[in-house]
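The structure appears right after this line, and notes come after that.
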Amino acid sequence: MPSPVIAAKLLTKKYKGFAAVDGISFEVEPGESFGLLGPNGAGKSTTMRMVGAVSTRTSGSLQILGLDPNEHGPEIRSQLGVVPQQDNLDMDLRVRDNLIVYGRYFGISTSACAAKADELLEFAQLSDRRKSKVDDLSGGMKRRLTIARSLMNDPKVLLLDEPTTGLDPQARHILWDRLFRLKEQGTTLLLTTHYMDEAEQLCDRIVVVDKGTIMAEGSPADLIRTYSTREVLELRFGSDNNATVATQMFGIGDRVEVLPDRILIYSNDGDGDLDRIHANGFTPVTSLVRRSSLEDVFLRLTGRSLIE
Amino acid sequence: MSANSDLAPMHPVRPVRKPRAGGIGSLYAGNSRSVIARGLLATRSSSWLIVLSGFFEPVFYLLSLGIGLGALVGSVSTSTGQPVSYAAFIAPALLAVSAMNGAIFDSTWNVFFKMQYARLYEAMLATSLGPLDVALGEIFLALLRGAVYATGFLIVMQVLGLNRSWTAILALPAVLLIAFGFASLGMAITSYMKTFQQMDWINFVMLPMFLFSATFYPLSVYPQAIQWLIQVLPLWHGVELVRGLTTGALSVAMIGHVLYYVVMIAVGLVFTTRRLRALFLD
């Protein structure tokens with residue numbers, strides 16, 4: 001068993017008494033794609049900053065590539081690729097120069113940086129924009145450039161903080177494709193997201209974080225199996241009737257949840273349960289049987305109310 | 001999407017130098033060069049009009065006050081009692097000011113923008129660079145701009161015959177020292193600023209310092225208490241140092257002026273490094 005790339009034990013970060021990250025433990029194996037899922041303010045970015053060796057932990061232990069970031073910050077950072085939540089590309093430099101200059105921050109020679117930059121522009125599908133100003137790129141292109149930039153030092157681990165937030169569906173899919181290629185080549189990925197489809201697409205293993213602590217851990221399929229049912233039955237009886245009808249749904253499905261606009265029935269046999277509901281004389285305005293998703297798990301674990 | 005956009009045949013890249021562990025290693029990777037190289041490349045996209053205005057400002061002062069007003073004033077005594085023409089009296093002061101302006105422009109407004117809006121330092125400090133690499137690199141760039149302004153101004157002085165002694169050539173390293181001091185302290189102060197309003201405080205200090213630091217008349221016109229106040233501020237030391245060198249009125253006090261700047265550089269570097277560390281590597 002190879003030693004883990006990232007090992008966090010009871011990792012804690014406090015800001016003036018408030019615990020942004022409150023004793024989380026996880027390990028990421030080499031080549032694994034690991035996701036931190038959670039609502040806004042769950043402590044994902046703070047965790048990423050500690051793993052990125054740019055924030056010092058308050059307590060607990062943390063090892064990245066076998067090194068303690070408190071002692072070996074620069075050495076760790078030299079082996080990481082970082083894609084921050086907000087793009088911080090160098091606006092004063094053109095696209096290709098952004099890559100070359102960034103590579104030089106790692107002490108890599110200019111000629112090596114130039115060759116690498118051209119390869120990565122190809123990879124990021126930005127070769128024809130090499131001389132563009134960064135400001136002239138679209139959001140998706142900027143994101144791809146940031147990812148290309150993070151690969152300049154051949155990182156062993158790539159840290160992606162909400163890589164596709166704010167992108168349109170086309171741009172997201174292109175980005176996922178690029179990240180999937182990196183994963184295939186054995187790059188270890190640690191990513192945060194609150195998009196469930198993104199986590200299902202990219203992550204081998206996930207931890208769900210809320211209020212600085214870990215709520216659940218496992219593969220997307222495991223989590224669905226443990227915290228949800230195979231299928232979800234969505235019924236609408238009209239906003240005024242949902243609550244009353246729901247009380248009469250005894251013995252159908254594993255769990256019934258009433259929302260203002262619909263009733264959710266967590267079930268292992270959605271179609272069978274729908275037939276039973278019809279047989280009992282209920283006539284929903286609309287009904288839908290769908291596969292259970294990570295979103296159901298997420299909402300079950302972190303609740304439906306807005307956390308701000 | 002092209003089929004040949006695979007990542008497969010990658011050139012492996014190797015850092016020239018392995019980052020050191022612990023101690024100063026967490027602050028300094030010995031790679032300020034890359035920060036300087038970035039700055040020089042970025043200069044290409046900066047506005048040349050703004051860059052040039054910083055040079056011409058003291059030249060205009062010299063022409064209007066030195067030549068124009070100077071005709072009315074006649075000659076003035078330096079701090080060592082040596083009489084010189086009014087233009088030769090204010091020219092070294094304006095030289096010190098041009099070094100200060102160049103250094104301050106780069107180390108305050110430019111640094112402020114990069115820190116608050118461009119998030120440049122955040123990106124730099126996510127690499128193997130340490131805060132001292134960033135501070136030294138940025139300060140060197142500010143110093144470079146100060147040196148370019150000052151060299152140009154020194155040439156103008158030479159052409160106008162305002163360099164009264166061979167020691168004027170030493171004004172160049174002196175001016176570098178002054179620029180280094182202002183760049184270092186300027187960046188340290190800027191690192192504490194959060195809003196544009198706060199940045200205006202810098203101008204609020206700079207303008208009176210420029211006008212009252214024995215720039216246009218000898219310090220002796222002030223009552224003793226005001227003289228002490230002026231002598232605490234950095235520009236007066238720069239003015240006296242450069243004036244001594246260009247007029248040839250050398251004195252032992254100049255060693256004191258040099259030491260003042262050495263301390264200023266050290267204090268600025270310590271605070272800048274500490275602050276960058278606190279801001280980006282907390």
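Going through the structure tokens in order, the chains are called A, B, and so on, while each chain numbers its residues from 1 and the ligands are numbered from 1 in the order shown.
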Mind checking DSSP for range 50-190 of chain B and telling me the helix (DSSP H, G or I) residues as an MDAnalysis selection string? chainID B and resid 50:73 86:116 120:125 131:159 166:190
Any chance you could export the current selection's C-alpha atoms as a short mmCIF file (atom, residue, chain, number, x, y, z; two decimals), in the first residue's frame?
```cif
data_model
loop_
_atom_site.label_atom_id
_atom_site.label_comp_id
_atom_site.auth_asym_id
_atom_site.auth_seq_id
_atom_site.Cartn_x
_atom_site.Cartn_y
_atom_site.Cartn_z
CA ILE B 50 2.40 57.87 -16.66
CA VAL B 51 5.94 56.53 -16.56
CA LEU B 52 7.27 59.65 -18.32
CA SER B 53 5.25 62.10 -16.22
CA GLY B 54 7.13 60.95 -13.13
CA PHE B 55 10.37 61.94 -14.81
CA PHE B 56 9.24 65.31 -16.12
CA GLU B 57 7.67 66.58 -12.92
CA PRO B 58 10.98 67.44 -11.17
CA VAL B 59 12.45 68.67 -14.48
CA PHE B 60 9.62 71.21 -14.75
CA TYR B 61 10.22 72.30 -11.15
CA LEU B 62 13.90 72.75 -11.94
CA LEU B 63 13.22 74.84 -15.04
CA SER B 64 10.53 77.05 -13.51
CA LEU B 65 11.92 77.55 -10.02
CA GLY B 66 15.64 77.06 -10.62
CA ILE B 67 16.00 79.11 -13.75
CA GLY B 68 12.99 81.44 -13.42
CA LEU B 69 12.78 82.13 -9.70
CA GLY B 70 16.53 81.57 -9.37
CA ALA B 71 17.18 84.79 -11.33
CA LEU B 72 15.47 86.74 -8.53
CA VAL B 73 16.99 84.77 -5.63
CA TYR B 86 19.77 78.83 -6.59
CA ALA B 87 19.37 76.31 -9.44
CA ALA B 88 22.39 74.34 -8.21
CA PHE B 89 20.87 74.46 -4.72
CA ILE B 90 17.49 73.00 -5.59
CA ALA B 91 18.61 70.62 -8.39
CA PRO B 92 20.06 67.94 -6.04
CA ALA B 93 16.94 68.18 -3.89
CA LEU B 94 14.78 67.60 -6.94
CA LEU B 95 17.05 64.69 -7.88
CA ALA B 96 16.37 63.10 -4.52
CA VAL B 97 12.67 63.82 -5.03
CA SER B 98 12.66 62.16 -8.45
CA ALA B 99 14.19 59.02 -6.94
CA MET B 100 11.58 59.15 -4.21
CA ASN B 101 8.72 59.63 -6.66
CA GLY B 102 9.79 56.74 -8.88
CA ALA B 103 10.22 54.42 -5.94
CA ILE B 104 7.01 55.50 -4.23
CA PHE B 105 4.89 55.22 -7.38
CA ASP B 106 5.89 51.61 -7.93
CA SER B 107 5.92 50.52 -4.31
CA THR B 108 2.63 52.11 -3.28
CA TRP B 109 0.02 52.46 -6.02
CA ASN B 110 1.29 49.60 -8.15
CA VAL B 111 1.74 47.30 -5.18
CA PHE B 112 -1.65 48.28 -3.76
CA PHE B 113 -3.38 47.42 -7.00
CA LYS B 114 -1.59 44.09 -7.36
CA MET B 115 -2.41 43.17 -3.80
CA GLN B 116 -6.07 44.23 -3.63
CA LEU B 120 -0.97 38.80 -8.04
CA TYR B 121 0.80 38.08 -4.77
CA GLU B 122 -1.74 35.42 -3.88
CA ALA B 123 -0.79 33.61 -7.10
CA MET B 124 2.93 34.11 -6.51
CA LEU B 125 2.81 32.83 -2.95
CA PRO B 131 7.24 36.51 0.77
CA LEU B 132 10.81 37.83 0.89
CA ASP B 133 11.30 36.88 -2.79
CA VAL B 134 8.21 38.88 -3.67
CA ALA B 135 9.19 41.85 -1.48
CA LEU B 136 12.75 42.00 -2.80
CA GLY B 137 11.65 41.60 -6.41
CA GLU B 138 9.00 44.31 -6.21
CA ILE B 139 11.27 46.68 -4.32
CA PHE B 140 14.03 46.13 -6.86
CA LEU B 141 11.61 47.10 -9.64
CA ALA B 142 10.61 50.25 -7.78
CA LEU B 143 14.27 51.04 -7.24
CA LEU B 144 14.95 50.50 -10.91
CA ARG B 145 12.34 53.03 -11.88
CA GLY B 146 13.78 55.48 -9.36
CA ALA B 147 17.25 54.89 -10.82
CA VAL B 148 16.05 55.53 -14.38
CA TYR B 149 14.36 58.80 -13.37
CA ALA B 150 17.40 59.89 -11.39
CA THR B 151 19.90 59.11 -14.13
CA GLY B 152 17.86 61.14 -16.59
CA PHE B 153 17.66 64.01 -14.14
CA LEU B 154 21.39 63.85 -13.41
CA ILE B 155 22.04 64.18 -17.13
CA VAL B 156 19.76 67.24 -17.27
CA MET B 157 21.74 68.73 -14.37
CA GLN B 158 25.02 68.06 -16.13
CA VAL B 159 23.78 69.72 -19.30
CA TRP B 166 33.29 65.50 -9.49
CA THR B 167 31.57 63.89 -6.49
CA ALA B 168 28.29 64.44 -8.38
CA ILE B 169 28.85 61.02 -9.94
CA LEU B 170 28.41 59.53 -6.46
CA ALA B 171 24.92 61.00 -6.42
CA LEU B 172 23.86 58.04 -8.55
CA PRO B 173 24.52 55.36 -5.91
CA ALA B 174 23.21 57.78 -3.29
CA VAL B 175 20.00 58.13 -5.23
CA LEU B 176 19.72 54.33 -5.49
CA LEU B 177 20.01 54.15 -1.73
CA ILE B 178 17.28 56.76 -1.37
CA ALA B 179 15.03 54.94 -3.84
CA PHE B 180 15.66 51.64 -2.02
CA GLY B 181 14.69 53.24 1.27
CA PHE B 182 11.47 54.74 -0.05
CA ALA B 183 10.54 51.60 -2.01
CA SER B 184 11.09 49.39 0.98
CA LEU B 185 9.16 51.58 3.43
CA GLY B 186 6.52 52.41 0.81
CA MET B 187 5.73 48.75 0.21
CA ALA B 188 5.62 48.05 3.94
CA ILE B 189 3.12 50.88 4.50
CA THR B 190 1.06 49.89 1.45
#
```
Chain B contacts on chain A, only C-alpha atoms, 7 Å, as an mmCIF file with C-alpha atoms, in the first residue's frame:
```cif
data_model
loop_
_atom_site.group_PDB
_atom_site.id
_atom_site.type_symbol
_atom_site.label_atom_id
_atom_site.label_comp_id
_atom_site.auth_asym_id
_atom_site.auth_seq_id
_atom_site.Cartn_x
_atom_site.Cartn_y
_atom_site.Cartn_z
ATOM 1 C CA VAL A 54 -0.670 28.777 2.387
ATOM 2 C CA SER A 55 -2.575 28.670 5.659
ATOM 3 C CA THR A 56 -1.331 27.370 8.988
ATOM 4 C CA GLU A 71 8.051 22.991 8.216
ATOM 5 C CA HIS A 72 8.221 22.479 4.469
ATOM 6 C CA GLY A 73 5.825 25.018 2.943
ATOM 7 C CA PRO A 74 7.862 25.944 -0.160
ATOM 8 C CA GLU A 75 8.914 22.334 -0.783
ATOM 9 C CA ARG A 77 4.068 24.100 -2.820
ATOM 10 C CA SER A 78 6.685 23.294 -5.445
ATOM 11 C CA ASN A 88 -5.937 35.273 -10.314
ATOM 12 C CA ASP A 90 -1.754 38.015 -14.416
ATOM 13 C CA ASP A 92 -0.574 42.553 -17.341
ATOM 14 C CA LEU A 93 0.736 39.545 -19.282
ATOM 15 C CA VAL A 101 6.251 33.614 -15.886
ATOM 16 C CA ARG A 104 9.659 30.692 -13.453
ATOM 17 C CA TYR A 105 8.257 31.302 -9.970
ATOM 18 C CA PHE A 106 9.133 27.649 -9.375
ATOM 19 C CA GLY A 107 12.700 28.256 -10.484
ATOM 20 C CA ILE A 108 12.199 26.406 -13.779
ATOM 21 C CA SER A 109 14.384 27.711 -16.619
ATOM 22 C CA ALA A 112 11.854 24.645 -20.236
ATOM 23 C CA LYS A 116 5.929 23.365 -21.361
ATOM 24 C CA GLU A 122 -2.440 22.758 -26.674
ATOM 25 C CA PHE A 123 -3.888 20.746 -23.790
ATOM 26 C CA ASN A 153 5.504 22.558 -12.489
ATOM 27 C CA ASP A 154 4.356 18.974 -13.224
#
```
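On the backbone of this structure, DSSP gives strand (DSSP E) within range 79-170 of chain A to A:Leu80, A:Gly81, A:Val82, A:Val83, A:Val157, A:Leu158, A:Leu159, A:Leu160, A:Asp161.
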A straight line from CA of Leu36 in chain A to CA of Gln125 in chain A spans 27.4 Å
Nearest-residue call for Asp136 in chain A, choices A:Met50, A:Leu160, A:Leu301, A:Val95, using only C-alpha atoms: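 Under the stated criterion, the closest residue is A:Val95.
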May I have the residues within 12 Å of Phe212 in chain B as a ChimeraX atom specification, using only C-alpha atoms and disregarding those fewer than 2 positions away in the same chain? /B:93,97,205-210,214-222,226-227,229-231,233-236,239
Take the residues from that selection and put them in a file with N, CA and C atoms, as a tab-separated table (two decimals), in the first residue's frame.
```
chain	number	residue	atom	x	y	z
B	93	ALA	N	18.15	68.52	-4.66
B	93	ALA	CA	16.94	68.18	-3.89
B	93	ALA	C	15.90	67.55	-4.80
B	97	VAL	N	14.13	63.93	-4.92
B	97	VAL	CA	12.67	63.82	-5.03
B	97	VAL	C	12.27	62.90	-6.19
B	205	VAL	N	1.10	62.87	3.09
B	205	VAL	CA	2.40	62.98	3.74
B	205	VAL	C	3.47	63.41	2.73
B	206	MET	N	3.35	62.88	1.51
B	206	MET	CA	4.41	63.09	0.51
B	206	MET	C	4.54	64.55	0.10
B	207	LEU	N	3.40	65.22	-0.13
B	207	LEU	CA	3.47	66.59	-0.67
B	207	LEU	C	4.15	67.56	0.29
B	208	PRO	N	3.69	67.66	1.56
B	208	PRO	CA	4.40	68.57	2.47
B	208	PRO	C	5.86	68.17	2.66
B	209	MET	N	6.13	66.86	2.66
B	209	MET	CA	7.52	66.45	2.83
B	209	MET	C	8.37	66.97	1.67
B	210	PHE	N	7.80	66.90	0.47
B	210	PHE	CA	8.48	67.40	-0.72
B	210	PHE	C	8.74	68.90	-0.60
B	214	ALA	N	13.79	71.20	3.18
B	214	ALA	CA	14.96	71.97	2.74
B	214	ALA	C	15.17	71.78	1.24
B	215	THR	N	14.06	71.59	0.54
B	215	THR	CA	14.11	71.37	-0.90
B	215	THR	C	14.39	72.69	-1.63
B	216	PHE	N	13.65	73.72	-1.25
B	216	PHE	CA	13.72	74.99	-1.99
B	216	PHE	C	14.45	76.10	-1.23
B	217	TYR	N	14.76	75.88	0.04
B	217	TYR	CA	15.49	76.87	0.83
B	217	TYR	C	16.17	76.14	1.98
B	218	PRO	N	17.18	76.74	2.58
B	218	PRO	CA	17.91	76.04	3.64
B	218	PRO	C	17.04	75.79	4.86
B	219	LEU	N	17.38	74.75	5.58
B	219	LEU	CA	16.64	74.36	6.78
B	219	LEU	C	16.66	75.47	7.83
B	220	SER	N	17.72	76.30	7.79
B	220	SER	CA	17.93	77.31	8.85
B	220	SER	C	16.83	78.37	8.91
B	221	VAL	N	15.95	78.44	7.91
B	221	VAL	CA	14.88	79.43	7.96
B	221	VAL	C	13.83	79.06	9.02
B	222	TYR	N	13.80	77.76	9.43
B	222	TYR	CA	12.78	77.33	10.39
B	222	TYR	C	13.23	77.56	11.82
B	226	ILE	N	10.80	73.06	14.43
B	226	ILE	CA	10.40	72.61	13.10
B	226	ILE	C	11.59	71.92	12.41
B	227	GLN	N	12.79	72.46	12.63
B	227	GLN	CA	13.99	71.83	12.05
B	227	GLN	C	14.10	70.37	12.48
B	229	LEU	N	11.74	68.40	13.48
B	229	LEU	CA	10.67	67.62	12.85
B	229	LEU	C	11.07	67.21	11.43
B	230	ILE	N	11.58	68.19	10.67
B	230	ILE	CA	11.99	67.92	9.29
B	230	ILE	C	13.12	66.87	9.27
B	231	GLN	N	14.00	66.96	10.26
B	231	GLN	CA	15.15	66.06	10.28
B	231	GLN	C	14.77	64.62	10.63
B	233	LEU	N	12.10	63.22	9.26
B	233	LEU	CA	11.53	62.67	8.02
B	233	LEU	C	12.63	62.25	7.04
B	234	PRO	N	12.36	61.26	6.22
B	234	PRO	CA	13.41	60.69	5.36
B	234	PRO	C	13.91	61.61	4.24
B	235	LEU	N	13.04	62.41	3.65
B	235	LEU	CA	13.48	63.14	2.46
B	235	LEU	C	14.62	64.12	2.76
B	236	TRP	N	14.57	64.78	3.91
B	236	TRP	CA	15.62	65.75	4.26
B	236	TRP	C	17.00	65.11	4.20
B	239	VAL	N	17.95	64.72	0.59
B	239	VAL	CA	18.27	66.01	-0.02
B	239	VAL	C	19.67	66.45	0.40
```
Just want the 8 Å neighbourhood of range 226-229 of chain A, counted on only C-alpha atoms, with same-chain residues fewer than 6 positions away dropped. Output as a ChimeraX atom specification. /A:254,266-268,292,296-297,300
Which one is closest to Leu182 in chain A: A:Ser132, A:Thr146, A:Thr283, A:Ser33? Count only C-alpha atoms.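 For Leu182 in chain A, the nearest of the given residues is A:Ser33.
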If you count only C-alpha atoms, which residues fall within 9 Å of Phe237 in chain A, apart from same-chain ones fewer than 5 positions away, as a list in words? Asn242, Val245, Asp261, Arg262, Ile263, Thr283, Pro284, Val285 and Thr286 of chain A
Spatial neighbours of Asp275 in chain A, max dist 12 Å, only C-alpha atoms, sep filter under 3 positions, as a list in words: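 The contact residues come out as Leu233, Ile252, Asp269, Gly270, Asp271, Gly272, His278, Ala279, Asn280, Gly281, Phe282, Thr283, Pro284, Ser287 and Val289 of chain A.
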Leaving out Ala199 in chain A and any residue of its chain fewer than 6 positions from it, which residues lie within 10 Å of it when counting only C-alpha atoms, given as a list in words?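 Using only C-alpha atoms, the neighbours found are Ser33, Phe34, Gly35, Leu36, Leu37, Leu191, Thr192, Thr193, Arg205, Ile206, Ser219, Pro220, Leu294 and Glu295 of chain A.
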Limited to C-alpha atoms, could you put the picked residues into a file as an mmCIF file, in the first residue's frame?
```cif
data_model
loop_
_atom_site.group_PDB
_atom_site.id
_atom_site.type_symbol
_atom_site.label_atom_id
_atom_site.label_comp_id
_atom_site.auth_asym_id
_atom_site.auth_seq_id
_atom_site.Cartn_x
_atom_site.Cartn_y
_atom_site.Cartn_z
ATOM 1 C CA SER A 33 -9.635 11.856 -7.314
ATOM 2 C CA PHE A 34 -10.998 13.119 -4.042
ATOM 3 C CA GLY A 35 -13.867 15.553 -3.565
ATOM 4 C CA LEU A 36 -14.784 17.869 -0.721
ATOM 5 C CA LEU A 37 -18.485 18.583 -0.945
ATOM 6 C CA LEU A 191 -11.396 19.250 -5.595
ATOM 7 C CA THR A 192 -14.151 21.130 -3.853
ATOM 8 C CA THR A 193 -17.521 21.646 -5.409
ATOM 9 C CA ARG A 205 -14.253 9.287 -3.289
ATOM 10 C CA ILE A 206 -16.067 12.107 -1.537
ATOM 11 C CA SER A 219 -17.660 6.763 -3.245
ATOM 12 C CA PRO A 220 -20.618 8.495 -4.920
ATOM 13 C CA LEU A 294 -25.726 12.652 -4.835
ATOM 14 C CA GLU A 295 -27.857 15.748 -4.499
#
```
Kindly give the distance, in Å, that separates CA of Leu121 in chain A and CA of Glu29 in chain A, rounded to a single decimal.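 Distance between the two atoms: 28.5 Å.
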Any idea what the distance is between CA of Asp97 in chain A and CA of Ala114 in chain A? 8.6 Å
